[in-house]
2 protein chains.
Amino acid sequence: MSAPAQGQRIAAILGAGRTGAGWAARFALMGWDVRMHDPDMRAAPHFEAVLARARRSLPGLLDVAPPVEGTVSWHAGIADAVRGASWIQESVPERLDLKQSVLAELDDHAEPEAIIASSSAGIDLAQLQGDLPRRGRMVIARPLAPVYLVPLVELVASAASRDEVVEQARSTLLSLGCYPLRMGREEHLMGRLSAALWQEAAQLVADGAADAETVDDALRHGAALLWTQTGLFGTGPIAGEDLRVEVEEPVQTESDPLSGMPRAPRRAQPLHDVIDRLEARAGGLPDGRDAPQEVRDAALSSLLRGLKGADWGAGRLLRGMDRRYDDTPDLEALALTSPLPTASRTIPVDWVGQDGCVAEWRVAELMDGATWRLLRMVGCDEAEGDHQGGGGPSDRGETFLMAETHLRHLGVARAGDAVTVETQVLSFQGRHLQLFHKLWLDKRLVASAEVLLVHADRRERRPTVPAADLAARLSALAAAHQRLPRPEGSGRVAMRPEPEV
Amino acid sequence: MSAPAQGQRIAAILGAGRTGAGWAARFALMGWDVRMHDPDMRAAPHFEAVLARARRSLPGLLDVAPPVEGTVSWHAGIADAVRGASWIQESVPERLDLKQSVLAELDDHAEPEAIIASSSAGIDLAQLQGDLPRRGRMVIARPLAPVYLVPLVELVASAASRDEVVEQARSTLLSLGCYPLRMGREEHLMGRLSAALWQEAAQLVADGAADAETVDDALRHGAALLWTQTGLFGTGPIAGEDLRVEVEEPVQTESDPLSGMPRAPRRAQPLHDVIDRLEARAGGLPDGRDAPQEVRDAALSSLLRGLKGADWGAGRLLRGMDRRYDDTPDLEALALTSPLPTASRTIPVDWVGQDGCVAEWRVAELMDGATWRLLRMVGCDEAEGDHQGGGGPSDRGETFLMAETHLRHLGVARAGDAVTVETQVLSFQGRHLQLFHKLWLDKRLVASAEVLLVHADRRERRPTVPAADLAARLSALAAAHQRLPRPEGSGRVAMRPEPEV
């Protein structure tokens with residue numbers, strides 16, 4: 001056990017179950033050395049799996065480089081694990097006697113300046129602190145799973161917790177990318193909210209009034225999309241409603257005052273005491289923006305389109321809509337005497353910046369979609385629903401890969417603009433395919449893209465020529481389009497070198 | 001009043017408040033002609049504002065073209081409004097007598113094959129149907145606001161509703177991009193769930209145990225992010241937990257069985273009746289994927305990064321993290337004898353496709369970030385936090401716009417890979433700036449981008465030369481970089497013509 005390097009931040013994680021492993025991954029990826037202790041021999045491989053998932057997802061949330069990943073070491077005893085640590089996170093199973101014994105032992109060995117945080121979900125902090133000498137340095141820092149991605153951490157202090165420790169804990173949690181929320185009189189805020197929802201849902205299922213799938217489907221296609229953005233109280237004002245009317249109205253209407261959703265008639269709500277406080281706040285919502293409904297719509301669009309990329313939740317519905325309204329023409333039915341229609345769509349509201357114009361790199365996304373529609377038209381399928389990821393392999397692992405793209409930005413498009421792309425096949429030789437896309441807004445050319453693709457076998461990791469039938473279709477198309485005028489602005493791509501596949 | 005065109009689908013919207021206007025916008029944008037009726041003269045301008053927002057956001061959810069937008073007409077009477085309509089949506093205020101009188105009047109005039117749907121939030125369908133002759137064609141189709149974006153529609157049928165009408169309603173709602181959820185014995189599923197959460201939250205605020213901001217912050221940085229993806233019951237199994245242990249454990253632990261969150265100790269939960277049903281379902285979750293935790297992480301990353309783009313909810317936290325860890329060097333401190341470091345980041349998990357490789361167009365996004373970091377280094381600020389949207393204007397409305405981009409894809413990068421970009425200024429003349437970015441993964445060149453930018457005044461919509469101090473910095477940089485070797489693969493962009501600004 002070497003002494004910790006000077007200046008390096010060290011966290012000790014006691015208990016490496018789901019919560020402890022998640023904490024350890026977050027600390028390590030945010031640059032802390034992590035000292036782990038867990039009596040269970042299975043903890044280490046479990047942690048490695050959690051860390052691997054966290055490495056794929058947490059650092060990528062930033063647009064900048066996070067600190068260099070810290071080291072992780074395992075320690076047989078608590079005394080050894082907490083050596084040199086400035087943060088000690090207790091995440092052992094939720095039993096009072098067990099937690100008390102762990103805290104008593106680490107109290108003997110922790111560095112004097114260490115913050116001692118418990119992940120405890122259900123035990124009061126004061127019970128954990130008891131009369132331990134270090135109780136002034138103890139807080140509860142309660143995360144949600146997956147700890148390495150969900151920002152919320154409930155920060156609980158008792159009367160015995162020292163103010164500067166609480167402030168230091170808050171500051172450390174912020175630096176880890178957490179959202180530390182200082183609990184007031186109610187120490188289990190998220191738990192109470194979650195329990196209220198869970199209890200109602202479980203009651204519905206237990207009564208046979210709805211099944212579990214229906215409950216989940218309602219939430220993820222419905223109100224959860226709104227709560228994710230604005231929480232609960234924020235929903236009403238952003239919907240453009242007068243808060244006082246909204247809050248007072250349900251007395252007659254039996255509908256949820258802020259969301260407009262019905263409330264169960266048997267409930268009496270303690271609303272009237274809250275009106276003034278909410279109204280005082282509504283004027284400032286949301287964060288002083290001019291047009292909260294437009295911000296909400298852009299955020300909702302971004303959420304829904306993000307779920308579509310992940311093929312998950314409400315995003316699956318949108319994929320179904322794309323299939324329903326897909327107007328990809330049948331290649332056999334086209335005369336080939338003009339460029340092919342390869343995209344017809346509307347500019348999403350989350351593709352534009354504050355100036356209202358579509359971001360330049362979104363044009364690359366749009367052109368990528370046109371490339372893949374053309375490839376589908378000639379029978380080179382991407383994997384089902386894998387548009388977001390670009391080229392999915394065929395059954396044989398073969399696909400076209402983008403080698404070069406030359407984009408020209410000629411005009412401006414805005415959210416809600418209906419645009420089309422038409423595509424000319426400039427050449428097809430061996431395994432190389434050269435396309436020219438034009439992006440139109442009505443009769444105005446907004447952008448062009450010249451694209452050079454190489455056919456490859458992704459499994460065997462080498463370039464290949466396409467199968468004979470696919471090659472024949474591409475050759476016929478290239479020959480027909482050879483008769484069209486060469487597009488202005490073409491000739492700016494060349495295959496040297498071929499990309500790695 | 002001309003007769004409706006043959007074959008065109010027509011919807012009549014009775015009541016054009018928030019809900020009716022939202023319905024009308026969705027119908028119109030999904031290709032239906034819409035006939036509106038509302039006695040309030042202010043309804044028309046309000047609807048125009050809703051329609052404008054919907055046009056910006058709804059069609060862009062699709063990657064294909066939606067049907068051609070329908071026409072909207074206003075009608076003074078109900079009888080006239082419902083003429084020719086195959087869908088009639090009643091969205092008048094939530095008063096039984098008012099709704100009954102509207103339904104009675106339209107019952108006299110509706111087309112025989114029309115579906116009559118009420119948006120009613122709190123009134124039972126059977127009460128609305130009464131003994132009206134058309135009661136068999138009546139359902140409740142209850143949306144959430146904004147109706148044009150949130151997919152959930154609760155579909156309620158009574159014993160009097162005919163099965164084929166309900167099925168036809170479901171099918172129509174699906175074609176509109178809604179998620180019709182057939183209600184079982186509980187007709188107000190979303191309302192009951194929402195009311196449970198609202199009641200608990202209002203109680204917390206009324207008691208002074210937490211304030212409204214804290215409740216909202218907990219939800220939008222915490223569990224709402226999970227509910228949006230998986231609903232409530234789906235959260236546990238996806239977290240990789242054994243469901244039976246999870247459900248039985250809270251009896252000892254006082255923690256929420258599925259999410260691991262604490263539950264309020266005073267609640268008794270009707271869990272045991274539900275265990276078997278949930279367990280039977282857990283095996284199949286989520287939708288037969290192999291690695292549900294990885295799907296969840298990608299979806300969470302996508303949600304969080306989407307909110308970051310919108311500068312909203314948990315996304316604001318991520319923007320703060322970027323500022324905290326921003327390692328943009330000070331130009332004055334650099335020797336200018338090598339290319340500038342313009343990006344250092346990790347590939348987000350939602351940037352890769354099923355093959356695990358980063359999508360080609362995401363490289364354009366990454367290079368765009370490098371361009372903007374270089375511009376910030378020389379003192380050409382984009383608007384605060386406007387990275388997503390590309391070039392935000394300076395105080396004088398001046399900015400650089402992308403004119404051409406030439407991308408070469410040379411290698412492969414995967415989720416979690418730490419990559420860097422270095423940038424050489426190839427030339428700066430008048431208002432034209434030419435850059436060359438190299439994207440590195442360790443010592444491997446993954447991609448290059450040659451970028452040509454033009455300086456412009458976005459307010460006056462004309463190209464301009466930059467201010468003298470900015471021009472001087474760019475000239476010095478270009479002169480210094482002139483001494484570096486010309487990058488292999490450069491010289492593929494040219495400014496003809498200049499883009500529209």
# chains A, B, ... in the order shown; residues from 1 in each chain; ligands from 1
>>> residues_around(residues="B:Leu375", least_positions_apart="4", cutoff="10 Å", atoms="only C-alpha atoms", output="PyMOL selection string")
chain B and resi 342+369-371+379-382+391+399-400+470+474
>>> residues_around(residues="stretch 343-357 of chain B", least_positions_apart="5", cutoff="6 Å", atoms="only C-alpha atoms", output="list in words")
Arg56, Ser57, Pro59, Gly60, Asp63, Val64, Ala65 and Gly389 of chain A; Ala298, Ser302, Ala370, Ala413, Arg414, Ala415, Gly416, Asp417, Ala418, Val419, Thr420 and Val421 of chain B
>>> write_last_selection(atoms="all heavy atoms", output="CSV table (one decimal), in the first residue's frame")
chain,number,residue,atom,x,y,z
A,56,ARG,N,-18.1,4.6,-20.9
A,56,ARG,CA,-18.8,4.8,-22.2
A,56,ARG,C,-19.7,6.0,-22.2
A,56,ARG,O,-20.0,6.6,-23.2
A,56,ARG,CB,-19.6,3.6,-22.6
A,56,ARG,CG,-18.8,2.5,-23.2
A,56,ARG,CD,-19.7,1.3,-23.4
A,56,ARG,NE,-20.9,1.5,-24.2
A,56,ARG,CZ,-21.0,1.4,-25.5
A,56,ARG,NH1,-19.9,1.1,-26.2
A,56,ARG,NH2,-22.1,1.7,-26.2
A,57,SER,N,-20.2,6.4,-21.0
A,57,SER,CA,-21.3,7.3,-21.0
A,57,SER,C,-21.1,8.6,-20.2
A,57,SER,O,-21.5,9.7,-20.6
A,57,SER,CB,-22.6,6.7,-20.4
A,57,SER,OG,-22.3,6.1,-19.2
A,59,PRO,N,-18.1,10.5,-19.3
A,59,PRO,CA,-17.2,11.6,-19.8
A,59,PRO,C,-17.8,12.3,-21.0
A,59,PRO,O,-17.6,13.5,-21.2
A,59,PRO,CB,-15.9,10.9,-20.1
A,59,PRO,CG,-15.9,9.7,-19.3
A,59,PRO,CD,-17.4,9.3,-19.2
A,60,GLY,N,-18.5,11.5,-21.8
A,60,GLY,CA,-19.1,12.1,-23.0
A,60,GLY,C,-20.2,13.1,-22.8
A,60,GLY,O,-20.7,13.7,-23.8
A,63,ASP,N,-18.5,18.5,-23.2
A,63,ASP,CA,-18.0,18.9,-24.4
A,63,ASP,C,-16.5,19.2,-24.3
A,63,ASP,O,-15.8,19.7,-25.3
A,63,ASP,CB,-18.7,20.2,-25.0
A,63,ASP,CG,-20.1,19.8,-25.4
A,63,ASP,OD1,-20.4,18.6,-25.5
A,63,ASP,OD2,-20.9,20.7,-25.7
A,64,VAL,N,-16.0,19.1,-23.1
A,64,VAL,CA,-14.6,19.3,-22.8
A,64,VAL,C,-14.0,18.0,-22.2
A,64,VAL,O,-14.8,17.1,-21.9
A,64,VAL,CB,-14.4,20.5,-21.9
A,64,VAL,CG1,-14.9,21.8,-22.5
A,64,VAL,CG2,-15.1,20.3,-20.5
A,65,ALA,N,-12.7,18.0,-21.9
A,65,ALA,CA,-12.1,16.9,-21.3
A,65,ALA,C,-12.3,16.9,-19.8
A,65,ALA,O,-12.0,17.9,-19.2
A,65,ALA,CB,-10.6,16.8,-21.7
A,389,GLY,N,-27.0,5.9,-36.4
A,389,GLY,CA,-25.7,5.4,-36.4
A,389,GLY,C,-25.0,5.4,-37.7
A,389,GLY,O,-23.9,4.9,-37.8
B,298,ALA,N,-27.4,5.0,-22.9
B,298,ALA,CA,-27.3,5.7,-24.1
B,298,ALA,C,-28.5,6.7,-24.2
B,298,ALA,O,-28.4,7.9,-24.6
B,298,ALA,CB,-27.3,4.8,-25.3
B,302,SER,N,-28.5,10.7,-24.1
B,302,SER,CA,-29.1,11.5,-25.1
B,302,SER,C,-30.1,12.5,-24.5
B,302,SER,O,-30.2,13.7,-25.0
B,302,SER,CB,-29.9,10.5,-26.0
B,302,SER,OG,-30.6,11.2,-27.0
B,370,ALA,N,-14.6,22.6,-32.6
B,370,ALA,CA,-13.2,23.0,-32.7
B,370,ALA,C,-13.1,24.4,-33.4
B,370,ALA,O,-12.4,25.3,-32.9
B,370,ALA,CB,-12.4,22.0,-33.5
B,413,ALA,N,-13.7,5.8,-34.4
B,413,ALA,CA,-13.7,6.2,-32.9
B,413,ALA,C,-15.0,5.6,-32.3
B,413,ALA,O,-16.0,5.5,-33.0
B,413,ALA,CB,-13.6,7.7,-32.7
B,414,ARG,N,-14.9,5.2,-31.1
B,414,ARG,CA,-16.0,4.6,-30.4
B,414,ARG,C,-16.4,5.3,-29.1
B,414,ARG,O,-15.7,6.2,-28.7
B,414,ARG,CB,-15.6,3.1,-30.0
B,414,ARG,CG,-15.4,2.3,-31.2
B,414,ARG,CD,-15.1,0.8,-30.9
B,414,ARG,NE,-15.2,0.0,-32.1
B,414,ARG,CZ,-14.3,-0.2,-33.0
B,414,ARG,NH1,-13.1,0.5,-32.9
B,414,ARG,NH2,-14.5,-0.9,-34.1
B,415,ALA,N,-17.6,5.0,-28.6
B,415,ALA,CA,-18.1,5.7,-27.4
B,415,ALA,C,-17.1,5.6,-26.3
B,415,ALA,O,-16.5,4.5,-26.0
B,415,ALA,CB,-19.4,5.0,-27.0
B,416,GLY,N,-16.8,6.7,-25.6
B,416,GLY,CA,-15.9,6.7,-24.5
B,416,GLY,C,-14.5,7.0,-24.9
B,416,GLY,O,-13.6,7.2,-24.1
B,417,ASP,N,-14.2,7.0,-26.2
B,417,ASP,CA,-12.8,7.3,-26.7
B,417,ASP,C,-12.5,8.8,-26.4
B,417,ASP,O,-13.3,9.7,-26.7
B,417,ASP,CB,-12.7,7.1,-28.2
B,417,ASP,CG,-12.5,5.6,-28.5
B,417,ASP,OD1,-12.2,4.8,-27.6
B,417,ASP,OD2,-12.6,5.2,-29.7
B,418,ALA,N,-11.4,9.1,-25.8
B,418,ALA,CA,-10.9,10.4,-25.6
B,418,ALA,C,-10.2,10.9,-26.9
B,418,ALA,O,-9.2,10.3,-27.3
B,418,ALA,CB,-10.0,10.5,-24.4
B,419,VAL,N,-10.7,12.0,-27.5
B,419,VAL,CA,-10.1,12.4,-28.7
B,419,VAL,C,-9.7,13.9,-28.6
B,419,VAL,O,-10.2,14.6,-27.7
B,419,VAL,CB,-11.1,12.3,-29.9
B,419,VAL,CG1,-11.4,10.8,-30.2
B,419,VAL,CG2,-12.4,13.1,-29.6
B,420,THR,N,-8.8,14.3,-29.5
B,420,THR,CA,-8.4,15.8,-29.5
B,420,THR,C,-8.4,16.3,-30.9
B,420,THR,O,-8.4,15.5,-31.8
B,420,THR,CB,-7.0,15.9,-28.9
B,420,THR,OG1,-6.1,15.1,-29.7
B,420,THR,CG2,-6.9,15.5,-27.4
B,421,VAL,N,-8.6,17.6,-31.0
B,421,VAL,CA,-8.5,18.2,-32.3
B,421,VAL,C,-7.4,19.3,-32.3
B,421,VAL,O,-7.3,20.0,-31.3
B,421,VAL,CB,-9.8,18.9,-32.7
B,421,VAL,CG1,-9.6,19.6,-34.1
B,421,VAL,CG2,-10.9,17.8,-32.8
>>> residues_around(residues="stretch 81-97 of chain B", least_positions_apart="2", cutoff="6 Å", atoms="only C-alpha atoms", output="number ranges by chain")
B: 10-15, 20, 35, 75, 78-79, 99-100, 110, 114-119
>>> closest_residue(among="B:Leu225, B:Val493, B:Leu58, B:Ala196", to="B:Cys178", atoms="only C-alpha atoms")
B:Leu58
>>> atom_distance(atom1="atom CA of A:Thr71", atom2="atom CA of A:Met30")
10.9 Å
>>> residues_around(residues="B:Leu173", least_positions_apart="5", cutoff="12 Å", atoms="only C-alpha atoms", output="list in words")
Leu317 and Met321 of chain A; Trp23, Arg26, Phe27, Met30, Trp87, Gln89, Ile115, Ala117, Ile140, Ala141, Arg142, Pro143, Val147, Tyr148, Pro151, Leu152, Val153, Glu154, Leu155, Val166, Glu167, Gln168, Cys178, Tyr179, Pro180, Leu181 and Arg182 of chain B
